[in-house]
Amino acid sequence: MVARKVTLPDIRTAKETGRKLVMVTAYDYPFGRMADEAGVDIVLVGDSLGMVVMGLDGTVEVTMEHMIHHIRAVMRGCRRPLVVGDMPFMSYNTSIRDAIVNAGRLVKEGGCEVVKLEGGTDFAPTVAAIVKAGIPVQGHIGLTPQTASALGGFKLQGKDVAAAQKVIGDARALEDAGVFSIILEAVPAPLGKLVAQAVDVPVIGIGAGPDVDGQVLVTHDMIGLFDKFVPKFVKQYANIRPVILEALGQYKSDVQSGAFPASGHSFTMPDETLSALKVKFEKK
Ligand code: KIV
């Protein structure tokens, strides 16, 4: 682990030396800080915030303004990890010019170092143009949540020979276009291994098995903060929702019983000030 800011060469070197990369999502200052303190390599301000923070059914409604707002909050807490800003649906799909302008906004207005976008071969020219404009890009292939409905829902990808070949072709096209890394989501573990072997850039898996160059999880899934559903590929390292519910319930009963606030949570006032006020305002 490097003590200074994680750089793109560090990410590249990790694959060369066989060090697994650790990536998580964060959407605000406290989680950005905790990810930093935990020593992860990469923090993704993902458009998954639409689901786990905003309560939407998917990610397509997430806007550039949402992303910039959350990236700015995360950046205030993240010093060491590389921070990736996710490009929301339709911020890069309409034209290469739009893609460059919006990638630039995430970096200039949000403050993140690099951007991520979903799509393989079809988006290689877009990736190449953003990279040429000076903004490093992370690819995202396999299951691509923004276009999940076109893929038949949130389903495992690359299951037959043709589909698996397409995933490998997508990875190679993105590498040729200049990505510094690729997220590979929801594919069989053996395909994950083949994709990682097919390219020199690090392949970071989410539901892609153990034989890739690193792992990413949505933090809210991993700590039990999002309870609508938990994908099969998630390991829950904590279950903090019941802890929060317990605290809120105790607070409610303390307020109702008068146990909170106690004297230790209250401010005092000099006696003479109080006496003067009482003379004027105390109800007889
Ligand atoms: O938005 C997100 O959190 C993602 C991860 C699932 C990789 O894209």
# chains A, B, ... in the order shown; residues from 1 in each chain; ligands from 1
>>> residues_near_ligand(ligand="ligand 1", cutoff="7 Å", atoms="only C-alpha atoms and all ligand atoms", output="PyMOL selection string")
chain A and resi 25+44-49+86+183+206+216-218
>>> write_last_selection(atoms="N, CA, C and O atoms", output="tab-separated table (two decimals), in the first residue's frame")
chain	number	residue	atom	x	y	z
A	25	THR	N	-17.38	1.66	-3.31
A	25	THR	CA	-18.11	2.89	-3.64
A	25	THR	C	-18.21	3.77	-2.41
A	25	THR	O	-18.17	3.30	-1.28
A	44	LEU	N	-15.00	4.58	-5.92
A	44	LEU	CA	-15.90	4.89	-7.04
A	44	LEU	C	-17.12	5.64	-6.51
A	44	LEU	O	-17.83	5.13	-5.64
A	45	VAL	N	-17.32	6.87	-7.02
A	45	VAL	CA	-18.60	7.53	-6.77
A	45	VAL	C	-19.49	7.03	-7.89
A	45	VAL	O	-19.49	7.55	-9.00
A	46	GLY	N	-20.20	5.94	-7.60
A	46	GLY	CA	-20.95	5.23	-8.63
A	46	GLY	C	-22.35	5.79	-8.79
A	46	GLY	O	-22.93	6.34	-7.85
A	47	ASP	N	-22.90	5.59	-10.00
A	47	ASP	CA	-24.29	6.02	-10.18
A	47	ASP	C	-25.24	5.06	-9.47
A	47	ASP	O	-26.44	5.28	-9.44
A	48	SER	N	-24.69	4.01	-8.84
A	48	SER	CA	-25.50	3.16	-7.96
A	48	SER	C	-26.10	4.01	-6.84
A	48	SER	O	-27.03	3.56	-6.16
A	49	LEU	N	-25.61	5.22	-6.66
A	49	LEU	CA	-26.20	6.11	-5.66
A	49	LEU	C	-27.68	6.33	-5.94
A	49	LEU	O	-28.46	6.60	-5.02
A	86	ASP	N	-18.43	8.35	-11.85
A	86	ASP	CA	-19.20	7.58	-12.81
A	86	ASP	C	-19.96	8.51	-13.75
A	86	ASP	O	-20.63	9.45	-13.29
A	183	ILE	N	-13.86	-2.41	-15.26
A	183	ILE	CA	-14.76	-3.08	-14.31
A	183	ILE	C	-15.46	-4.19	-15.10
A	183	ILE	O	-16.00	-3.93	-16.20
A	206	ILE	N	-16.70	-7.48	-10.21
A	206	ILE	CA	-17.83	-7.42	-9.27
A	206	ILE	C	-18.73	-8.55	-9.74
A	206	ILE	O	-19.38	-8.45	-10.77
A	216	VAL	N	-14.40	-4.93	-6.63
A	216	VAL	CA	-15.16	-3.76	-6.21
A	216	VAL	C	-16.51	-4.22	-5.69
A	216	VAL	O	-17.09	-5.18	-6.23
A	217	LEU	N	-16.99	-3.58	-4.62
A	217	LEU	CA	-18.35	-3.83	-4.13
A	217	LEU	C	-19.00	-2.49	-3.82
A	217	LEU	O	-18.31	-1.50	-3.52
A	218	VAL	N	-20.33	-2.50	-3.89
A	218	VAL	CA	-21.10	-1.33	-3.44
A	218	VAL	C	-21.11	-1.37	-1.91
A	218	VAL	O	-21.59	-2.34	-1.31
>>> residues_around(residues="Arg72 of chain A", least_positions_apart="6", cutoff="10 Å", atoms="only C-alpha atoms", output="number ranges by chain")
A: 27-29, 45, 85, 106-107, 109-112
>>> write_last_selection(atoms="C-alpha atoms", output="PDB file, in the first residue's frame")
ATOM      1  CA  TYR A  27     -21.264   8.770  -2.074  1.00  0.00           C
ATOM      2  CA  ASP A  28     -20.552  11.262   0.712  1.00  0.00           C
ATOM      3  CA  TYR A  29     -17.886  12.733   3.008  1.00  0.00           C
ATOM      4  CA  VAL A  45     -18.595   7.532  -6.765  1.00  0.00           C
ATOM      5  CA  GLY A  85     -16.505   9.616 -11.071  1.00  0.00           C
ATOM      6  CA  LEU A 106     -17.002  15.611 -13.462  1.00  0.00           C
ATOM      7  CA  VAL A 107     -13.290  16.376 -13.200  1.00  0.00           C
ATOM      8  CA  GLU A 109     -16.669  20.683 -11.056  1.00  0.00           C
ATOM      9  CA  GLY A 110     -16.665  17.432  -9.067  1.00  0.00           C
ATOM     10  CA  GLY A 111     -12.915  17.256  -8.517  1.00  0.00           C
ATOM     11  CA  CYS A 112     -12.411  13.531  -9.212  1.00  0.00           C
TER      12      CYS A 112
END
>>> select_by_dssp(residues="segment 27-146 of chain A", states="alpha helix (DSSP H)", output="ChimeraX atom specification")
/A:29-38,49-52,64-77,96-105,124-132
>>> select_by_dssp(residues="segment 46-168 of chain A", states="strand (DSSP E or B)", output="PyMOL selection string")
chain A and resi 82-86+114-119+137-142
>>> closest_residue(among="A:Gln215, A:Ser181, A:Thr121, A:Ser149", to="Val199 of chain A", atoms="only C-alpha atoms")
A:Ser181
>>> residues_around(residues="segment 88-92 of chain A", least_positions_apart="2", cutoff="9 Å", atoms="only C-alpha atoms", output="short mmCIF file (atom, residue, chain, number, x, y, z; two decimals) with all heavy atoms, in the first residue's frame")
data_model
loop_
_atom_site.label_atom_id
_atom_site.label_comp_id
_atom_site.auth_asym_id
_atom_site.auth_seq_id
_atom_site.Cartn_x
_atom_site.Cartn_y
_atom_site.Cartn_z
N GLY A 46 -20.20 5.94 -7.60
CA GLY A 46 -20.95 5.23 -8.63
C GLY A 46 -22.35 5.79 -8.79
O GLY A 46 -22.93 6.34 -7.85
N ASP A 47 -22.90 5.59 -10.00
CA ASP A 47 -24.29 6.02 -10.18
C ASP A 47 -25.24 5.06 -9.47
O ASP A 47 -26.44 5.28 -9.44
CB ASP A 47 -24.64 6.20 -11.66
CG ASP A 47 -24.58 4.91 -12.45
OD1 ASP A 47 -24.17 3.87 -11.89
OD2 ASP A 47 -24.95 4.93 -13.64
N THR A 59 -30.47 3.11 -12.26
CA THR A 59 -29.49 4.21 -12.32
C THR A 59 -29.79 5.23 -13.43
O THR A 59 -29.13 6.26 -13.49
CB THR A 59 -28.08 3.63 -12.54
OG1 THR A 59 -28.08 2.84 -13.73
CG2 THR A 59 -27.63 2.79 -11.36
N VAL A 60 -30.79 4.92 -14.27
CA VAL A 60 -30.96 5.77 -15.47
C VAL A 60 -31.39 7.21 -15.14
O VAL A 60 -31.13 8.12 -15.93
CB VAL A 60 -31.94 5.16 -16.51
CG1 VAL A 60 -31.42 3.88 -17.09
CG2 VAL A 60 -33.32 4.98 -15.94
N GLU A 61 -32.03 7.41 -14.00
CA GLU A 61 -32.49 8.77 -13.67
C GLU A 61 -31.40 9.66 -13.07
O GLU A 61 -31.62 10.85 -12.85
CB GLU A 61 -33.65 8.70 -12.68
CG GLU A 61 -34.95 8.19 -13.27
CD GLU A 61 -36.01 8.01 -12.19
OE1 GLU A 61 -36.41 9.00 -11.56
OE2 GLU A 61 -36.42 6.85 -11.97
N VAL A 62 -30.25 9.06 -12.78
CA VAL A 62 -29.17 9.85 -12.16
C VAL A 62 -28.64 10.88 -13.16
O VAL A 62 -28.44 10.57 -14.35
CB VAL A 62 -28.04 8.91 -11.68
CG1 VAL A 62 -26.85 9.71 -11.14
CG2 VAL A 62 -28.57 7.95 -10.61
N THR A 63 -28.45 12.10 -12.68
CA THR A 63 -28.04 13.20 -13.57
C THR A 63 -26.59 13.63 -13.31
O THR A 63 -25.99 13.24 -12.29
CB THR A 63 -28.93 14.44 -13.34
OG1 THR A 63 -28.68 14.91 -12.00
CG2 THR A 63 -30.41 14.12 -13.49
N MET A 64 -26.07 14.46 -14.18
CA MET A 64 -24.74 15.04 -13.98
C MET A 64 -24.70 15.83 -12.67
O MET A 64 -23.71 15.79 -11.95
CB MET A 64 -24.41 15.98 -15.15
CG MET A 64 -23.98 15.28 -16.42
SD MET A 64 -22.40 14.43 -16.22
CE MET A 64 -21.29 15.81 -15.92
N MET A 67 -24.31 13.58 -9.75
CA MET A 67 -22.95 13.02 -9.67
C MET A 67 -21.96 14.07 -9.16
O MET A 67 -21.14 13.78 -8.29
CB MET A 67 -22.50 12.50 -11.05
CG MET A 67 -23.22 11.26 -11.55
SD MET A 67 -23.30 9.88 -10.39
CE MET A 67 -21.59 9.66 -9.96
N ASP A 86 -18.43 8.35 -11.85
CA ASP A 86 -19.20 7.58 -12.81
C ASP A 86 -19.96 8.51 -13.75
O ASP A 86 -20.63 9.45 -13.29
CB ASP A 86 -20.22 6.72 -12.03
CG ASP A 86 -20.44 5.36 -12.64
OD1 ASP A 86 -19.87 5.08 -13.71
OD2 ASP A 86 -21.20 4.58 -12.04
N THR A 94 -24.87 10.37 -26.24
CA THR A 94 -25.47 11.17 -27.30
C THR A 94 -24.47 11.59 -28.38
O THR A 94 -24.81 11.62 -29.56
CB THR A 94 -26.14 12.41 -26.69
OG1 THR A 94 -25.26 12.95 -25.70
CG2 THR A 94 -27.46 12.06 -26.04
N SER A 95 -23.25 11.92 -27.98
CA SER A 95 -22.21 12.28 -28.96
C SER A 95 -20.86 12.28 -28.26
O SER A 95 -20.79 12.38 -27.03
CB SER A 95 -22.46 13.67 -29.56
OG SER A 95 -22.20 14.66 -28.59
N ILE A 96 -19.82 12.19 -29.07
CA ILE A 96 -18.47 12.22 -28.49
C ILE A 96 -18.21 13.58 -27.85
O ILE A 96 -17.60 13.68 -26.78
CB ILE A 96 -17.43 11.85 -29.57
CG1 ILE A 96 -17.53 10.33 -29.81
CG2 ILE A 96 -16.02 12.27 -29.16
CD1 ILE A 96 -16.52 9.75 -30.75
N ARG A 97 -18.74 14.62 -28.46
CA ARG A 97 -18.54 15.96 -27.89
C ARG A 97 -19.18 16.03 -26.49
O ARG A 97 -18.56 16.50 -25.54
CB ARG A 97 -19.15 17.02 -28.82
CG ARG A 97 -18.85 18.41 -28.37
CD ARG A 97 -19.38 19.49 -29.29
NE ARG A 97 -18.89 20.78 -28.81
CZ ARG A 97 -19.40 21.41 -27.76
NH1 ARG A 97 -20.42 20.90 -27.11
NH2 ARG A 97 -18.88 22.57 -27.38
N ASP A 98 -20.44 15.55 -26.38
CA ASP A 98 -21.11 15.55 -25.07
C ASP A 98 -20.29 14.77 -24.05
O ASP A 98 -20.17 15.16 -22.89
CB ASP A 98 -22.49 14.89 -25.17
CG ASP A 98 -23.51 15.78 -25.85
OD1 ASP A 98 -23.20 16.97 -26.10
OD2 ASP A 98 -24.62 15.28 -26.16
N ALA A 99 -19.73 13.62 -24.50
CA ALA A 99 -18.97 12.77 -23.59
C ALA A 99 -17.75 13.52 -23.05
O ALA A 99 -17.46 13.47 -21.85
CB ALA A 99 -18.53 11.50 -24.31
N ILE A 100 -17.05 14.24 -23.94
CA ILE A 100 -15.86 14.98 -23.49
C ILE A 100 -16.27 16.11 -22.55
O ILE A 100 -15.67 16.30 -21.48
CB ILE A 100 -15.07 15.55 -24.69
CG1 ILE A 100 -14.54 14.40 -25.56
CG2 ILE A 100 -13.91 16.42 -24.22
CD1 ILE A 100 -13.91 14.85 -26.87
N VAL A 101 -17.32 16.84 -22.93
CA VAL A 101 -17.77 17.96 -22.10
C VAL A 101 -18.17 17.46 -20.70
O VAL A 101 -17.77 18.01 -19.67
CB VAL A 101 -18.97 18.69 -22.76
CG1 VAL A 101 -19.64 19.67 -21.80
CG2 VAL A 101 -18.50 19.42 -24.03
N ASN A 102 -18.93 16.35 -20.66
CA ASN A 102 -19.43 15.87 -19.36
C ASN A 102 -18.33 15.20 -18.54
O ASN A 102 -18.32 15.34 -17.30
CB ASN A 102 -20.62 14.94 -19.57
CG ASN A 102 -21.87 15.73 -19.96
OD1 ASN A 102 -22.11 16.80 -19.40
ND2 ASN A 102 -22.64 15.23 -20.91
N ALA A 103 -17.41 14.50 -19.19
CA ALA A 103 -16.26 13.96 -18.44
C ALA A 103 -15.48 15.13 -17.82
O ALA A 103 -15.07 15.08 -16.65
CB ALA A 103 -15.36 13.14 -19.35
N LEU A 117 -17.16 4.86 -17.60
CA LEU A 117 -18.39 4.76 -18.38
C LEU A 117 -18.64 3.32 -18.79
O LEU A 117 -17.73 2.51 -18.84
CB LEU A 117 -18.37 5.71 -19.59
CG LEU A 117 -17.30 5.53 -20.66
CD1 LEU A 117 -17.70 4.49 -21.68
CD2 LEU A 117 -17.09 6.88 -21.37
N GLU A 118 -19.93 3.03 -19.00
CA GLU A 118 -20.36 1.66 -19.32
C GLU A 118 -20.36 1.44 -20.84
O GLU A 118 -20.80 2.31 -21.59
CB GLU A 118 -21.76 1.40 -18.77
CG GLU A 118 -21.83 1.46 -17.25
CD GLU A 118 -23.23 1.15 -16.71
OE1 GLU A 118 -24.12 0.73 -17.49
OE2 GLU A 118 -23.42 1.35 -15.50
N THR A 126 -15.55 6.67 -28.12
CA THR A 126 -15.86 7.68 -27.09
C THR A 126 -14.76 7.69 -26.03
O THR A 126 -14.26 8.75 -25.62
CB THR A 126 -17.22 7.33 -26.42
OG1 THR A 126 -18.19 7.17 -27.44
CG2 THR A 126 -17.65 8.40 -25.44
N GLN A 146 -26.81 0.54 -16.48
CA GLN A 146 -27.58 1.60 -17.16
C GLN A 146 -28.40 1.06 -18.32
O GLN A 146 -29.42 1.63 -18.69
CB GLN A 146 -26.62 2.69 -17.68
CG GLN A 146 -25.98 3.50 -16.57
CD GLN A 146 -24.89 4.44 -17.07
OE1 GLN A 146 -24.68 4.59 -18.27
NE2 GLN A 146 -24.21 5.09 -16.15
N THR A 147 -27.94 -0.04 -18.93
CA THR A 147 -28.67 -0.62 -20.07
C THR A 147 -29.13 -2.04 -19.74
O THR A 147 -29.27 -2.88 -20.62
CB THR A 147 -27.78 -0.61 -21.33
OG1 THR A 147 -26.49 -1.08 -20.99
CG2 THR A 147 -27.66 0.77 -21.93
#
>>> closest_residue(among="A:Gly134, A:Gly207, A:Pro190, A:Pro202", to="Lys155 of chain A", atoms="only C-alpha atoms")
A:Gly207
>>> atom_distance(atom1="atom CA of Leu82 of chain A", atom2="atom CA of His70 of chain A")
15.4 Å
>>> residues_around(residues="Glu16 of chain A", least_positions_apart="3", cutoff="12 Å", atoms="only C-alpha atoms", output="MDAnalysis selection string")
chainID A and resid 9:13 19:21 196:197 199:203 213
>>> residues_around(residues="Glu185 of chain A", least_positions_apart="4", cutoff="7 Å", atoms="only C-alpha atoms", output="NGL selection string")
:A and (141-143 or 205-208)
>>> atom_distance(atom1="atom CA of Val234 of chain A", atom2="atom CA of Val167 of chain A")
21.6 Å
>>> atom_distance(atom1="atom CA of Ala3 of chain A", atom2="atom CA of Gly104 of chain A")
27.8 Å
>>> decode(residues="segment 1-110 of chain A", atoms="C-alpha atoms", output="mmCIF file, in the first residue's frame")
data_model
loop_
_atom_site.group_PDB
_atom_site.id
_atom_site.type_symbol
_atom_site.label_atom_id
_atom_site.label_comp_id
_atom_site.auth_asym_id
_atom_site.auth_seq_id
_atom_site.Cartn_x
_atom_site.Cartn_y
_atom_site.Cartn_z
ATOM 1 C CA MET A 1 0.000 0.000 0.000
ATOM 2 C CA VAL A 2 1.389 3.437 -0.913
ATOM 3 C CA ALA A 3 1.216 6.143 1.769
ATOM 4 C CA ARG A 4 0.801 8.944 -0.774
ATOM 5 C CA LYS A 5 -1.957 9.540 -3.315
ATOM 6 C CA VAL A 6 -2.660 6.455 -5.458
ATOM 7 C CA THR A 7 -1.680 7.146 -9.065
ATOM 8 C CA LEU A 8 -2.451 5.463 -12.382
ATOM 9 C CA PRO A 9 1.058 3.930 -12.532
ATOM 10 C CA ASP A 10 0.357 2.383 -9.079
ATOM 11 C CA ILE A 11 -2.794 0.770 -10.525
ATOM 12 C CA ARG A 12 -0.872 -0.562 -13.503
ATOM 13 C CA THR A 13 2.002 -1.828 -11.337
ATOM 14 C CA ALA A 14 -0.459 -3.706 -9.113
ATOM 15 C CA LYS A 15 -1.398 -5.969 -12.017
ATOM 16 C CA GLU A 16 2.225 -6.436 -13.038
ATOM 17 C CA THR A 17 3.226 -7.463 -9.496
ATOM 18 C CA GLY A 18 0.104 -9.502 -8.783
ATOM 19 C CA ARG A 19 -1.158 -7.237 -5.975
ATOM 20 C CA LYS A 20 -4.976 -7.347 -5.865
ATOM 21 C CA LEU A 21 -6.635 -3.944 -6.153
ATOM 22 C CA VAL A 22 -9.301 -2.975 -3.612
ATOM 23 C CA MET A 23 -12.121 -0.696 -4.751
ATOM 24 C CA VAL A 24 -15.359 0.372 -3.018
ATOM 25 C CA THR A 25 -18.106 2.886 -3.644
ATOM 26 C CA ALA A 26 -18.687 6.041 -1.597
ATOM 27 C CA TYR A 27 -21.264 8.770 -2.074
ATOM 28 C CA ASP A 28 -20.552 11.262 0.712
ATOM 29 C CA TYR A 29 -17.886 12.733 3.008
ATOM 30 C CA PRO A 30 -18.069 10.224 5.912
ATOM 31 C CA PHE A 31 -17.853 7.187 3.648
ATOM 32 C CA GLY A 32 -15.111 8.839 1.567
ATOM 33 C CA ARG A 33 -13.116 9.344 4.777
ATOM 34 C CA MET A 34 -13.701 5.801 5.996
ATOM 35 C CA ALA A 35 -12.680 4.313 2.641
ATOM 36 C CA ASP A 36 -9.518 6.419 2.822
ATOM 37 C CA GLU A 37 -8.783 5.342 6.425
ATOM 38 C CA ALA A 38 -9.400 1.686 5.524
ATOM 39 C CA GLY A 39 -6.637 1.966 2.910
ATOM 40 C CA VAL A 40 -8.568 1.040 -0.241
ATOM 41 C CA ASP A 41 -6.860 1.797 -3.564
ATOM 42 C CA ILE A 42 -9.801 3.183 -5.543
ATOM 43 C CA VAL A 43 -13.073 4.853 -4.523
ATOM 44 C CA LEU A 44 -15.904 4.895 -7.036
ATOM 45 C CA VAL A 45 -18.595 7.532 -6.765
ATOM 46 C CA GLY A 46 -20.947 5.234 -8.630
ATOM 47 C CA ASP A 47 -24.288 6.023 -10.180
ATOM 48 C CA SER A 48 -25.502 3.158 -7.958
ATOM 49 C CA LEU A 49 -26.199 6.109 -5.658
ATOM 50 C CA GLY A 50 -29.492 6.350 -7.548
ATOM 51 C CA MET A 51 -30.535 3.074 -5.947
ATOM 52 C CA VAL A 52 -28.757 2.902 -2.592
ATOM 53 C CA VAL A 53 -28.895 6.598 -1.640
ATOM 54 C CA MET A 54 -31.788 8.081 -3.634
ATOM 55 C CA GLY A 55 -34.128 5.062 -3.478
ATOM 56 C CA LEU A 56 -34.685 4.867 -7.247
ATOM 57 C CA ASP A 57 -35.342 1.541 -9.005
ATOM 58 C CA GLY A 58 -32.262 1.850 -11.218
ATOM 59 C CA THR A 59 -29.495 4.209 -12.318
ATOM 60 C CA VAL A 60 -30.956 5.774 -15.466
ATOM 61 C CA GLU A 61 -32.486 8.775 -13.673
ATOM 62 C CA VAL A 62 -29.171 9.845 -12.159
ATOM 63 C CA THR A 63 -28.040 13.200 -13.572
ATOM 64 C CA MET A 64 -24.741 15.035 -13.978
ATOM 65 C CA GLU A 65 -25.812 17.388 -11.170
ATOM 66 C CA HIS A 66 -26.375 14.432 -8.788
ATOM 67 C CA MET A 67 -22.952 13.021 -9.675
ATOM 68 C CA ILE A 68 -21.112 16.338 -9.266
ATOM 69 C CA HIS A 69 -22.804 16.957 -5.899
ATOM 70 C CA HIS A 70 -21.778 13.535 -4.530
ATOM 71 C CA ILE A 71 -18.265 13.528 -6.049
ATOM 72 C CA ARG A 72 -17.546 16.877 -4.359
ATOM 73 C CA ALA A 73 -18.631 15.467 -0.986
ATOM 74 C CA VAL A 74 -16.496 12.320 -1.387
ATOM 75 C CA MET A 75 -13.458 14.333 -2.516
ATOM 76 C CA ARG A 76 -13.527 16.279 0.779
ATOM 77 C CA GLY A 77 -13.009 12.995 2.650
ATOM 78 C CA CYS A 78 -10.693 11.129 0.275
ATOM 79 C CA ARG A 79 -7.026 12.059 0.278
ATOM 80 C CA ARG A 80 -5.123 8.881 -0.676
ATOM 81 C CA PRO A 81 -7.364 6.686 -2.898
ATOM 82 C CA LEU A 82 -7.822 7.340 -6.601
ATOM 83 C CA VAL A 83 -11.376 8.663 -7.010
ATOM 84 C CA VAL A 84 -13.444 7.605 -10.035
ATOM 85 C CA GLY A 85 -16.505 9.616 -11.071
ATOM 86 C CA ASP A 86 -19.202 7.575 -12.815
ATOM 87 C CA MET A 87 -20.636 9.091 -15.998
ATOM 88 C CA PRO A 88 -24.443 8.933 -15.749
ATOM 89 C CA PHE A 89 -26.702 7.492 -18.435
ATOM 90 C CA MET A 90 -27.002 9.790 -21.488
ATOM 91 C CA SER A 91 -24.061 11.961 -20.422
ATOM 92 C CA TYR A 92 -21.787 10.168 -22.941
ATOM 93 C CA ASN A 93 -24.231 8.252 -25.176
ATOM 94 C CA THR A 94 -25.473 11.166 -27.305
ATOM 95 C CA SER A 95 -22.212 12.279 -28.962
ATOM 96 C CA ILE A 96 -18.467 12.218 -28.489
ATOM 97 C CA ARG A 97 -18.544 15.958 -27.888
ATOM 98 C CA ASP A 98 -21.113 15.549 -25.071
ATOM 99 C CA ALA A 99 -18.970 12.770 -23.593
ATOM 100 C CA ILE A 100 -15.858 14.977 -23.494
ATOM 101 C CA VAL A 101 -17.771 17.963 -22.096
ATOM 102 C CA ASN A 102 -19.426 15.867 -19.365
ATOM 103 C CA ALA A 103 -16.257 13.964 -18.436
ATOM 104 C CA GLY A 104 -14.641 17.401 -18.110
ATOM 105 C CA ARG A 105 -17.444 18.587 -15.820
ATOM 106 C CA LEU A 106 -17.002 15.611 -13.462
ATOM 107 C CA VAL A 107 -13.290 16.376 -13.200
ATOM 108 C CA LYS A 108 -13.473 20.200 -13.100
ATOM 109 C CA GLU A 109 -16.669 20.683 -11.056
ATOM 110 C CA GLY A 110 -16.665 17.432 -9.067
#
